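First comes the structure, then the notes that go with it.
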Amino acid sequence: MNHLDSQILRDIGAVARSVQSISDIHFRRLTLQKGQFIFLTRICEYPGINLIELSLLLRVDKTTTTKAVKKLIEISYVQKERDESDQRAWCLFPTERALNTYTEVIAAENQLIGYCFNGFSDQEKNVASQLLARMRDNISHEWRSQKNVQGGKKNE
């Protein structure tokens, strides 16, 4: 039987699922459904972003992004406007409600970061962050390559 070279992806997955679950419970009272907070935060951080850019930023497919954004529009967190340079595209902007909620979402994310780094020295936090960023960058190249093959076009 084959064996894993490392448990790291399972550990990263366990951390990600735990954070996602805690966040979903916390943000229910803000009428944010499962995982919508990640779309909300990025739209607040990148006002005017379009669906394709948002999908690439979050590493999710366009259908998932479209569904999440549609729900955020329905509950008055996001508004969309035609892109002036490409009338087929829509730009996404946070509403006042979203901007007010953003502060609370970031505070909750910072609290979760604190839980994850409990007992870590500043140096350990920096090393973990740097190593994870390198892993993200490394896998991003493969992700982009796979998306290019599947979609038949380059996503840069």
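Ligands are numbered from 1 in the order shown, chains are lettered A, B, ... in the order of the structure tokens, and residues start at 1 in each chain.
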Using only C-alpha atoms, find each residue of region 108-139 of chain A with at least one atom at most 12 Å away from an atom of region 26-41 of chain A; report its shortest atom-to-atom pair and that distance in Å (one decimal), sort the rows by chain and rising residue number, and return the result as CSV.
```
residue,atom,partner,partner_atom,distance
A:Ala108,CA,A:His26,CA,8.3
A:Glu109,CA,A:Phe37,CA,10.1
A:Gln111,CA,A:His26,CA,11.7
A:Leu112,CA,A:His26,CA,11.2
```
Restricting it to C-alpha atoms, dump the selection as a PDB file, in the first residue's frame.
```pdb
ATOM      1  CA  ALA A 108     -13.429  37.570  13.645  1.00  0.00           C
ATOM      2  CA  GLU A 109     -10.759  36.430  11.184  1.00  0.00           C
ATOM      3  CA  GLN A 111      -9.489  36.137  16.359  1.00  0.00           C
ATOM      4  CA  LEU A 112      -9.266  32.861  14.422  1.00  0.00           C
TER       5      LEU A 112
END
```
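Using only C-alpha atoms for every distance, the candidate list A:Thr95, A:Gln87, A:Asn110, A:Gln20 yields A:Thr95 as the residue closest to Ile73 (chain A).
In the backbone-derived DSSP annotation, strand (DSSP E) within region 60-140 of chain A comprises A:Val78, A:Gln79, A:Lys80, A:Glu81, A:Arg82, A:Trp90, A:Cys91, A:Leu92, A:Phe93, A:Pro94.
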### Query
If we count only C-alpha atoms, what is near region 49-56 of chain A at a cut-off of 12 Å, once residues fewer than 5 positions away on the same chain are taken out, given as a PyMOL selection string?
chain A and resi 38-44+61-70+78-94+140+143-144+147-148+154-156
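Within the 10 Å cut-off around region 126-139 of chain A, using only C-alpha atoms and omitting residues fewer than 5 positions from it on the same chain, the listed residues are Ile12, Phe117, Phe120, Ser121, Arg144 and Ser145 of chain A.
Taking CA of Glu142 (chain A) and CA of Gln123 (chain A) as endpoints, the distance between them is 29.4 Å.
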## Note on the structure
Using only C-alpha atoms, the best pick from A:Leu99, A:Gln146, A:Ser18, A:Glu45 as closest to Leu57 (chain A) would be A:Glu45
